[in-house]
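What follows is the content of final_12.csv, which has CSV, C-alpha atoms and all ligand atoms:
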```csv
chain,number,residue,atom,x,y,z
A,186,MET,CA,32.8,70.8,-127.0
A,187,ASP,CA,34.4,69.4,-123.9
A,188,ILE,CA,35.8,65.8,-124.0
A,189,MET,CA,33.9,63.5,-121.7
A,190,PHE,CA,36.3,61.3,-119.8
A,191,ASP,CA,35.2,58.1,-118.1
A,192,PHE,CA,37.6,56.2,-115.8
A,193,THR,CA,35.0,54.0,-114.1
A,194,ASP,CA,36.6,51.0,-112.5
A,195,ARG,CA,40.1,52.2,-113.3
A,196,THR,CA,42.8,52.4,-110.7
A,197,VAL,CA,44.8,55.6,-110.5
A,198,VAL,CA,47.9,56.1,-108.2
A,199,VAL,CA,49.3,59.6,-107.7
A,200,PHE,CA,52.6,60.0,-105.8
A,201,GLY,CA,52.9,63.5,-104.3
A,202,GLY,CA,49.1,63.5,-104.7
A,203,THR,CA,48.0,65.1,-101.4
A,204,SER,CA,48.1,68.7,-102.5
A,205,GLY,CA,48.3,71.2,-105.3
A,206,ILE,CA,48.4,70.1,-108.9
A,207,ASN,CA,48.8,66.4,-108.1
A,208,TYR,CA,45.9,66.4,-105.8
A,209,ALA,CA,43.8,68.1,-108.5
A,210,ILE,CA,44.8,65.3,-110.9
A,211,ALA,CA,43.8,62.6,-108.4
A,212,GLU,CA,40.4,64.3,-107.7
A,213,ALA,CA,39.7,64.8,-111.4
A,214,PHE,CA,40.2,61.1,-112.1
A,215,GLY,CA,38.1,60.2,-109.0
A,216,ARG,CA,35.2,62.5,-110.1
A,217,ARG,CA,35.1,60.5,-113.3
A,218,GLY,CA,34.8,57.1,-111.7
A,219,ALA,CA,38.3,56.0,-110.9
A,220,ARG,CA,39.6,54.5,-107.6
A,221,VAL,CA,42.3,56.8,-106.5
A,222,ALA,CA,45.4,56.2,-104.2
A,223,VAL,CA,47.5,59.2,-103.1
A,224,ALA,CA,50.8,59.1,-101.4
A,225,SER,CA,53.1,61.7,-99.8
A,226,ARG,CA,55.5,62.2,-96.8
A,227,LYS,CA,53.2,63.7,-94.2
A,228,GLN,CA,50.4,61.8,-92.6
A,229,ASP,CA,48.4,65.0,-92.0
A,230,ASN,CA,48.4,65.7,-95.7
A,231,VAL,CA,47.5,62.2,-96.6
A,232,ASP,CA,44.5,62.3,-94.1
A,233,ALA,CA,43.3,65.6,-95.4
A,234,ALA,CA,43.5,64.5,-99.0
A,235,LEU,CA,41.6,61.3,-98.2
A,236,GLU,CA,38.9,63.2,-96.4
A,237,ARG,CA,38.4,65.5,-99.4
A,238,LEU,CA,38.3,62.7,-101.8
A,239,ARG,CA,35.9,60.5,-99.8
A,240,ARG,CA,33.6,63.5,-99.1
A,241,LEU,CA,33.2,63.6,-102.9
A,242,GLY,CA,32.2,59.9,-102.9
A,243,ILE,CA,35.4,58.8,-104.4
A,244,THR,CA,36.9,55.4,-103.5
A,245,ALA,CA,40.2,56.4,-102.1
A,246,ALA,CA,43.3,55.1,-100.3
A,247,GLY,CA,46.2,57.0,-98.9
A,248,PHE,CA,49.8,56.2,-98.0
A,249,MET,CA,52.5,57.9,-96.1
A,250,ALA,CA,55.5,57.3,-98.4
A,251,ASP,CA,58.5,59.5,-99.0
A,252,VAL,CA,59.5,58.8,-102.6
A,253,ARG,CA,63.2,58.8,-101.5
A,254,ASP,CA,62.4,55.7,-99.4
A,255,VAL,CA,62.2,52.8,-101.8
A,256,ALA,CA,60.7,50.5,-99.2
A,257,ALA,CA,57.9,52.9,-98.5
A,258,VAL,CA,57.1,53.3,-102.2
A,259,GLU,CA,57.1,49.5,-102.6
A,260,ALA,CA,54.8,49.1,-99.6
A,261,ALA,CA,52.3,51.6,-101.1
A,262,PHE,CA,52.2,49.8,-104.4
A,263,GLU,CA,51.9,46.4,-102.7
A,264,SER,CA,48.9,47.6,-100.8
A,265,VAL,CA,47.2,49.1,-103.8
A,266,ALA,CA,47.8,46.0,-105.9
A,267,THR,CA,46.5,43.7,-103.2
A,268,SER,CA,43.3,45.7,-102.7
A,269,TRP,CA,42.5,46.9,-106.2
A,270,GLY,CA,44.7,44.9,-108.7
A,271,PRO,CA,46.7,46.3,-111.6
A,272,ILE,CA,47.2,50.0,-111.9
A,273,ASP,CA,45.8,51.7,-115.0
A,274,VAL,CA,47.2,55.2,-114.5
A,275,LEU,CA,50.4,56.1,-112.5
A,276,VAL,CA,51.2,59.7,-111.9
A,277,SER,CA,54.6,60.7,-110.3
A,278,GLY,CA,54.6,64.3,-109.2
A,279,ALA,CA,56.4,64.6,-105.8
A,280,ALA,CA,58.8,67.5,-106.0
A,281,GLY,CA,60.7,70.0,-103.9
A,282,ASN,CA,61.8,73.5,-104.7
A,283,PHE,CA,63.4,76.6,-103.2
A,284,LEU,CA,65.4,79.4,-104.7
A,285,ALA,CA,69.2,79.3,-104.0
A,286,GLU,CA,72.2,80.5,-105.8
A,287,ALA,CA,74.4,77.5,-106.8
A,288,ASN,CA,77.3,78.9,-104.9
A,289,GLN,CA,75.2,79.1,-101.7
A,290,LEU,CA,73.7,75.6,-102.1
A,291,SER,CA,75.0,72.9,-99.9
A,292,ALA,CA,75.6,69.4,-101.3
A,293,ASN,CA,72.7,68.2,-99.2
A,294,GLY,CA,70.4,71.0,-100.6
A,295,PHE,CA,71.2,70.0,-104.1
A,296,LYS,CA,70.8,66.3,-103.2
A,297,ALA,CA,67.5,66.8,-101.5
A,298,VAL,CA,65.9,68.1,-104.6
A,299,VAL,CA,67.5,65.6,-107.0
A,300,ASP,CA,66.6,62.8,-104.6
A,301,ILE,CA,62.9,63.8,-104.4
A,302,ASP,CA,62.3,64.8,-108.1
A,303,LEU,CA,64.6,62.5,-110.0
A,304,LEU,CA,65.5,59.5,-107.8
A,305,GLY,CA,62.0,59.6,-106.4
A,306,THR,CA,60.5,59.4,-109.8
A,307,PHE,CA,62.8,56.5,-110.6
A,308,HIS,CA,61.7,54.7,-107.4
A,309,VAL,CA,58.0,55.2,-108.4
A,310,MET,CA,58.7,53.9,-111.9
A,311,ARG,CA,60.8,51.0,-110.9
A,312,GLN,CA,58.6,49.8,-108.1
A,313,GLY,CA,55.4,50.5,-110.0
A,314,PHE,CA,56.2,48.8,-113.3
A,315,SER,CA,55.3,45.2,-112.2
A,316,ARG,CA,51.9,46.4,-110.9
A,317,LEU,CA,50.9,48.3,-114.1
A,318,ALA,CA,48.0,47.0,-116.1
A,319,SER,CA,48.6,46.2,-119.7
A,320,GLY,CA,47.8,49.4,-121.6
A,321,ALA,CA,48.6,51.5,-118.6
A,322,SER,CA,49.4,55.2,-118.9
A,323,VAL,CA,52.3,56.7,-116.9
A,324,ILE,CA,52.5,60.4,-116.4
A,325,ASN,CA,55.5,62.2,-114.8
A,326,ILE,CA,55.1,65.8,-113.7
A,327,THR,CA,58.1,67.8,-114.8
A,328,ALA,CA,58.7,71.6,-115.2
A,329,PRO,CA,59.9,74.1,-117.7
A,330,GLN,CA,63.2,74.2,-115.8
A,331,ALA,CA,64.1,70.9,-117.5
A,332,ASP,CA,64.7,72.8,-120.7
A,333,ILE,CA,65.0,76.4,-119.7
A,334,PRO,CA,68.0,77.2,-117.5
A,335,MET,CA,66.8,79.4,-114.6
A,336,ARG,CA,69.0,81.3,-112.1
A,337,TYR,CA,68.9,80.0,-108.5
A,338,GLN,CA,67.5,76.7,-109.6
A,339,ALA,CA,70.5,74.6,-110.6
A,340,HIS,CA,69.1,71.8,-108.4
A,341,VAL,CA,65.6,71.8,-109.9
A,342,CYS,CA,66.9,72.3,-113.5
A,343,ALA,CA,69.2,69.3,-113.2
A,344,ALA,CA,66.6,67.1,-111.5
A,345,LYS,CA,63.7,67.9,-113.9
A,346,ALA,CA,65.9,67.5,-117.0
A,347,GLY,CA,66.6,64.0,-115.6
A,348,VAL,CA,62.9,63.4,-115.2
A,349,ASP,CA,62.3,64.3,-118.9
A,350,GLN,CA,65.0,61.9,-120.1
A,351,LEU,CA,63.8,59.1,-117.7
A,352,THR,CA,60.3,59.6,-119.2
A,353,ARG,CA,61.7,59.2,-122.8
A,354,VAL,CA,63.8,56.1,-122.0
A,355,LEU,CA,61.0,54.3,-120.2
A,356,ALA,CA,58.6,55.1,-123.1
A,357,LEU,CA,61.1,53.2,-125.3
A,358,GLU,CA,61.6,50.3,-122.9
A,359,TRP,CA,58.0,49.9,-121.8
A,360,GLY,CA,56.4,50.4,-125.2
A,361,ALA,CA,56.8,46.7,-125.9
A,362,HIS,CA,54.5,46.1,-122.9
A,363,GLY,CA,51.9,48.4,-124.3
A,364,ILE,CA,52.6,51.0,-121.6
A,365,ARG,CA,52.8,54.6,-122.6
A,366,VAL,CA,55.0,57.0,-120.6
A,367,ASN,CA,54.6,60.8,-121.0
A,368,ALA,CA,55.3,63.9,-118.9
A,369,ILE,CA,53.4,67.1,-118.3
A,370,SER,CA,55.3,70.3,-117.9
A,371,PRO,CA,53.1,72.8,-116.2
A,372,GLY,CA,53.7,76.6,-116.5
A,373,PRO,CA,52.8,78.9,-113.6
A,374,ILE,CA,49.7,77.4,-111.9
A,375,GLU,CA,47.7,79.7,-109.7
A,376,GLY,CA,47.1,78.9,-106.1
A,377,THR,CA,50.0,76.4,-105.8
A,378,GLU,CA,53.0,76.0,-103.5
A,379,GLY,CA,55.3,75.9,-106.5
A,380,LEU,CA,54.2,79.3,-107.8
A,381,ALA,CA,54.4,80.8,-104.3
A,382,ARG,CA,58.0,79.5,-103.9
A,383,LEU,CA,59.2,80.9,-107.3
A,384,SER,CA,57.5,84.2,-107.3
A,385,PRO,CA,59.3,87.3,-105.9
A,386,ALA,CA,58.9,87.9,-102.2
A,387,GLY,CA,55.6,89.7,-101.5
A,388,ASP,CA,54.0,88.3,-104.7
A,389,PRO,CA,53.0,84.7,-103.8
A,390,ALA,CA,50.0,85.0,-106.2
A,391,GLY,CA,52.3,85.4,-109.2
A,392,SER,CA,51.2,88.8,-110.6
A,393,THR,CA,54.8,89.4,-111.8
A,394,VAL,CA,54.6,86.2,-113.8
A,395,LEU,CA,51.1,87.0,-115.1
A,396,LYS,CA,52.5,90.1,-116.8
A,397,PHE,CA,54.5,87.9,-119.2
A,398,ALA,CA,51.9,85.2,-119.7
A,399,PRO,CA,51.1,84.9,-123.5
A,400,LEU,CA,47.5,83.9,-122.8
A,401,GLY,CA,47.1,86.7,-120.3
A,402,ARG,CA,46.3,84.3,-117.5
A,403,LEU,CA,48.0,81.9,-115.1
A,404,GLY,CA,47.3,78.2,-115.5
A,405,THR,CA,44.8,76.4,-113.3
A,406,LYS,CA,45.1,73.0,-111.6
A,407,GLN,CA,42.2,71.9,-113.8
A,408,ASP,CA,44.2,72.8,-116.9
A,409,VAL,CA,46.8,70.3,-115.9
A,410,ALA,CA,44.3,67.7,-114.7
A,411,GLN,CA,42.5,67.8,-118.1
A,412,LEU,CA,45.8,67.1,-119.8
A,413,ALA,CA,46.5,64.2,-117.5
A,414,MET,CA,43.1,62.7,-118.2
A,415,PHE,CA,43.6,63.2,-122.0
A,416,LEU,CA,47.0,61.4,-121.8
A,417,ALA,CA,45.4,58.5,-119.8
A,418,SER,CA,42.5,58.2,-122.3
A,419,SER,CA,42.3,56.2,-125.5
A,420,ALA,CA,42.3,59.6,-127.3
A,421,ALA,CA,46.1,59.6,-126.6
A,422,GLY,CA,46.6,55.9,-127.5
A,423,TYR,CA,49.5,56.6,-129.8
A,424,ILE,CA,51.2,59.3,-127.7
A,425,SER,CA,54.3,58.1,-125.8
A,426,GLY,CA,57.6,59.6,-124.8
A,427,ALA,CA,56.2,63.1,-125.1
A,428,VAL,CA,56.9,66.0,-122.7
A,429,ILE,CA,53.9,68.2,-123.1
A,430,PRO,CA,53.8,71.8,-121.9
A,431,CYS,CA,50.7,73.0,-120.2
A,432,ASP,CA,51.8,76.5,-119.9
A,433,GLY,CA,49.8,78.7,-122.2
A,434,GLY,CA,52.8,79.1,-124.5
A,435,GLY,CA,55.1,80.4,-121.7
A,436,ALA,CA,58.0,78.1,-122.4
A,437,ILE,CA,58.4,79.2,-126.1
A,438,ASP,CA,58.4,82.9,-125.2
A,439,SER,CA,62.1,83.4,-125.1
A,440,VAL,CA,62.3,87.2,-125.8
A,441,LYS,CA,63.5,89.1,-122.8
A,442,PRO,CA,61.1,91.8,-121.4
A,443,GLY,CA,63.4,94.7,-122.3
A,444,ILE,CA,63.7,93.5,-125.9
A,445,GLU,CA,59.9,93.0,-126.1
A,446,GLU,CA,59.3,96.6,-125.0
A,447,ALA,CA,61.8,97.9,-127.6
A,448,GLY,CA,60.2,95.7,-130.2
A,449,ARG,CA,56.8,97.1,-129.4
A,450,ALA,CA,58.1,100.6,-129.7
A,451,MET,CA,59.6,99.9,-133.1
A,452,ALA,CA,56.4,98.2,-134.3
A,453,ARG,CA,54.5,101.3,-133.4
A,454,LEU,CA,57.0,103.5,-135.4
A,455,SER,CA,56.5,101.3,-138.5
A,456,PHE,CA,52.8,101.9,-138.4
A,457,ARG,CA,53.1,105.7,-138.5
A,501,LIG,N1,68.0,77.6,-99.5
A,501,LIG,C1,69.1,76.9,-99.4
A,501,LIG,N2,69.2,75.6,-99.0
A,501,LIG,C2,68.0,75.0,-98.5
A,501,LIG,C3,66.8,75.7,-98.6
A,501,LIG,C4,66.8,77.1,-99.1
A,501,LIG,N3,65.7,77.8,-99.1
A,501,LIG,N4,65.8,74.9,-98.1
A,501,LIG,C5,66.4,73.8,-97.7
A,501,LIG,N5,67.7,73.8,-98.0
A,501,LIG,C6,68.8,72.8,-97.7
A,501,LIG,C7,68.9,72.6,-96.2
A,501,LIG,O1,69.7,73.6,-95.6
A,501,LIG,C8,69.5,71.2,-96.2
A,501,LIG,O2,70.9,71.2,-96.5
A,501,LIG,P1,72.0,71.1,-95.2
A,501,LIG,O3,71.7,69.8,-94.6
A,501,LIG,O4,73.3,71.2,-95.9
A,501,LIG,O5,71.7,72.3,-94.3
A,501,LIG,C9,68.9,70.5,-97.4
A,501,LIG,O6,68.4,71.6,-98.3
A,501,LIG,C10,67.7,69.6,-97.1
A,501,LIG,O7,66.8,70.4,-96.3
A,501,LIG,P2,65.7,69.6,-95.4
A,501,LIG,O8,64.8,70.7,-94.9
A,501,LIG,O9,66.3,68.7,-94.5
A,501,LIG,O10,64.9,68.8,-96.6
A,501,LIG,P3,63.6,68.1,-96.5
A,501,LIG,O11,63.8,66.8,-97.1
A,501,LIG,O12,62.9,68.1,-95.2
A,501,LIG,O13,62.7,69.0,-97.5
A,501,LIG,C11,62.8,70.5,-99.4
A,501,LIG,C12,62.9,69.1,-98.9
A,501,LIG,C13,64.0,71.3,-98.9
A,501,LIG,C14,62.8,70.4,-100.9
A,501,LIG,C15,61.5,71.3,-98.9
A,501,LIG,O14,61.5,72.6,-99.5
A,501,LIG,C16,60.2,70.6,-99.2
A,501,LIG,O15,59.8,69.8,-98.4
A,501,LIG,N6,59.6,70.8,-100.3
A,501,LIG,C17,58.3,70.2,-100.7
A,501,LIG,C18,57.2,71.2,-101.1
A,501,LIG,C19,57.6,72.0,-102.4
A,501,LIG,O16,58.8,72.3,-102.6
A,501,LIG,N7,56.6,72.2,-103.2
A,501,LIG,C20,56.8,72.9,-104.5
A,501,LIG,C21,57.0,71.9,-105.6
A,501,LIG,S1,57.5,72.7,-107.0
A,502,LIG,P1,52.9,71.0,-103.8
A,502,LIG,O1,51.5,71.3,-103.5
A,502,LIG,O2,53.9,71.3,-102.8
A,502,LIG,O3,52.9,69.4,-104.2
A,502,LIG,C1,54.0,68.6,-103.9
A,502,LIG,C2,53.4,67.3,-103.4
A,502,LIG,O4,54.5,66.3,-103.3
A,502,LIG,C3,52.8,67.4,-102.0
A,502,LIG,O5,51.7,66.6,-102.0
A,502,LIG,C4,53.9,66.9,-101.0
A,502,LIG,O6,53.3,66.3,-99.9
A,502,LIG,C5,54.5,65.8,-101.9
A,502,LIG,N1,55.9,65.6,-101.6
A,502,LIG,C6,57.0,66.5,-101.5
A,502,LIG,N2,58.1,65.8,-101.2
A,502,LIG,C7,57.8,64.5,-101.2
A,502,LIG,C8,58.5,63.3,-101.0
A,502,LIG,N3,59.8,63.4,-100.7
A,502,LIG,N4,57.9,62.1,-101.1
A,502,LIG,C9,56.6,62.0,-101.4
A,502,LIG,N5,55.8,63.1,-101.6
A,502,LIG,C10,56.4,64.3,-101.5
A,502,LIG,O7,53.4,71.6,-105.2
A,502,LIG,P2,52.8,72.0,-106.6
A,502,LIG,O8,53.1,73.4,-106.9
A,502,LIG,O9,51.3,71.6,-106.8
A,502,LIG,O10,53.7,71.1,-107.6
A,502,LIG,C11,53.3,69.8,-108.0
A,502,LIG,C12,54.1,69.3,-109.2
A,502,LIG,O11,54.0,70.2,-110.3
A,502,LIG,C13,55.6,69.2,-108.9
A,502,LIG,O12,56.2,68.1,-109.6
A,502,LIG,C14,56.2,70.5,-109.5
A,502,LIG,O13,57.5,70.4,-109.8
A,502,LIG,C15,55.3,70.6,-110.7
A,502,LIG,N6,55.2,72.0,-111.2
A,502,LIG,C16,54.5,73.0,-110.5
A,502,LIG,C17,54.4,74.3,-111.1
A,502,LIG,C18,53.6,75.3,-110.3
A,502,LIG,O14,53.3,76.4,-110.9
A,502,LIG,N7,53.1,75.0,-109.2
A,502,LIG,C19,55.0,74.6,-112.3
A,502,LIG,C20,55.8,73.6,-112.9
A,502,LIG,C21,55.9,72.3,-112.4
A,502,LIG,P3,54.1,66.1,-98.5
A,502,LIG,O15,54.6,67.4,-98.1
A,502,LIG,O16,53.0,65.5,-97.6
A,502,LIG,O17,55.1,65.1,-98.8
```
For this file, produce the structure as structure tokens.
Amino acid sequence: MDIMFDFTDRTVVVFGGTSGINYAIAEAFGRRGARVAVASRKQDNVDAALERLRRLGITAAGFMADVRDVAAVEAAFESVATSWGPIDVLVSGAAGNFLAEANQLSANGFKAVVDIDLLGTFHVMRQGFSRLASGASVINITAPQADIPMRYQAHVCAAKAGVDQLTRVLALEWGAHGIRVNAISPGPIEGTEGLARLSPAGDPAGSTVLKFAPLGRLGTKQDVAQLAMFLASSAAGYISGAVIPCDGGGAIDSVKPGIEEAGRAMARLSFR
């Protein structure tokens, strides 16, 4: 049986919440009664997200705020707090990614991703803290790259590893305030910018990744949104400092494809 979530009269803020996975999280909370604020860099994206949310009858606010700009992050929080009061659920999911060999990556290229993913998350946490309701749930969106070293993603691996540790440290420091801090690590999620950027050229839908998915399917934005709602709900009241994969088991599948094929052949032999 599905869990029935109810976030009526709760305030939810999603940084990087105007598209993809993060927008889906914002919409999911809104569909279950929450007031939702989304923030990102581009006014067009903010406007489009607001229109979608409001068309669904969701009470919504939008802010143009680059998470690298601490003053813009602060202004967004101030506006939410003034209009709606304390924040019950804070999601930090703004991120940037592109494939580049470490030797080809400029200092500014490395810095751009670390500044968005890691420093940006710190800004959201640091500026958000004083506006959180007692008992608030904070959710950072990380990635498998935090644990699994991946070629051509030195910048992302370093940044997301930092996001995981920031999550854990804040869970320790903020626990005394009754605030839980967790992270979600999505696997390959269909129909997203992230998947398109990491799939081989000519395969933006991720069929190459699909071949190796233990559950035989890619993730959906709803899969991630459901987990976010669970983490924000009272059902997760004793969960803090956790980095939870939402990846169909992908991150634990460490056997390389060639070895997997050899193993399958051996297994068939043993059944003769
Ligand atoms: N390969 C190598 N370097 C790259 C690159 C690529 N594909 N794309 C950008 N860079 C470098 C740029 O050359 C620049 O370095 P330089 O000044 O030494 O030339 C640096 O990264 C910053 O680029 P810029 O375009 O100014 O950054 P930005 O702040 O406008 O955009 C990005 C940030 C680069 C992360 C951009 O990809 C982005 O906006 N991403 C958001 C969407 C996204 O990635 N979604 C998926 C989330 S998983
Ligand atoms: P996406 O659609 O590109 O979402 C990124 C969002 O962040 C956009 O709304 C973007 O809007 C915003 N953003 C980017 N840079 C920003 C900045 N500097 N300041 C504020 N907002 C910024 O990508 P996605 O694939 O859904 O990814 C969402 C999250 O999931 C990311 O944290 C990503 O690392 C994580 N993830 C995704 C996958 C996947 O398969 N897609 C897998 C693992 C982890 P603007 O352009 O308007 O700023």
Give the residues close to ligand LIG 501 (chain A), within 7 Å, counting all atoms listed in the file; write them as a PDB file with C-alpha atoms, in the coordinates of the input.
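Printed below is pocket25.pdb as written:
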```
ATOM      1  CA  ALA A 280      58.800  67.500-106.000  1.00  0.00           C
ATOM      2  CA  GLY A 281      60.700  70.000-103.900  1.00  0.00           C
ATOM      3  CA  ASN A 282      61.800  73.500-104.700  1.00  0.00           C
ATOM      4  CA  PHE A 283      63.400  76.600-103.200  1.00  0.00           C
ATOM      5  CA  LEU A 284      65.400  79.400-104.700  1.00  0.00           C
ATOM      6  CA  ALA A 285      69.200  79.300-104.000  1.00  0.00           C
ATOM      7  CA  GLN A 289      75.200  79.100-101.700  1.00  0.00           C
ATOM      8  CA  LEU A 290      73.700  75.600-102.100  1.00  0.00           C
ATOM      9  CA  SER A 291      75.000  72.900 -99.900  1.00  0.00           C
ATOM     10  CA  ALA A 292      75.600  69.400-101.300  1.00  0.00           C
ATOM     11  CA  ASN A 293      72.700  68.200 -99.200  1.00  0.00           C
ATOM     12  CA  GLY A 294      70.400  71.000-100.600  1.00  0.00           C
ATOM     13  CA  PHE A 295      71.200  70.000-104.100  1.00  0.00           C
ATOM     14  CA  ALA A 297      67.500  66.800-101.500  1.00  0.00           C
ATOM     15  CA  VAL A 298      65.900  68.100-104.600  1.00  0.00           C
ATOM     16  CA  GLU A 378      53.000  76.000-103.500  1.00  0.00           C
ATOM     17  CA  GLY A 379      55.300  75.900-106.500  1.00  0.00           C
ATOM     18  CA  ARG A 382      58.000  79.500-103.900  1.00  0.00           C
TER      19      ARG A 382
END
```
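Here the question is which of A:Asp408, A:Glu259, A:Asp251, A:Asp232 gets nearest to ligand LIG 502 (chain A) using only C-alpha atoms and all ligand atoms, and that residue is A:Asp251.
Minimum distance to ligand LIG 502 (chain A) across A:Ser455, A:Ser322, A:Thr203, A:Thr193 (counting only C-alpha atoms and all ligand atoms) occurs at A:Thr203.
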Next on the checklist: Which residues are near ligand LIG 502 (chain A) - at most 6 Å, using all atoms listed in the file? Format: as a ChimeraX atom specification.
Outcome noted: /A:201-207,225-227,230,250-253,278-281,301,326-328,370-374,377-380
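Between Ile437 (chain A) and the residues A:Arg365, A:Ala257, A:Phe397, A:Gly347, the shortest atom-to-atom distance, using all atoms listed in the file, involves A:Phe397.
Each of A:Pro271, A:Gly448, A:Gly404, A:Gly422 was checked against Gly435 (chain A) using all atoms listed in the file; the smallest atom-to-atom distance is that of A:Gly404.
What separates CA of Met414 (chain A) from CA of Ile243 (chain A) is a distance of 16.3 Å.
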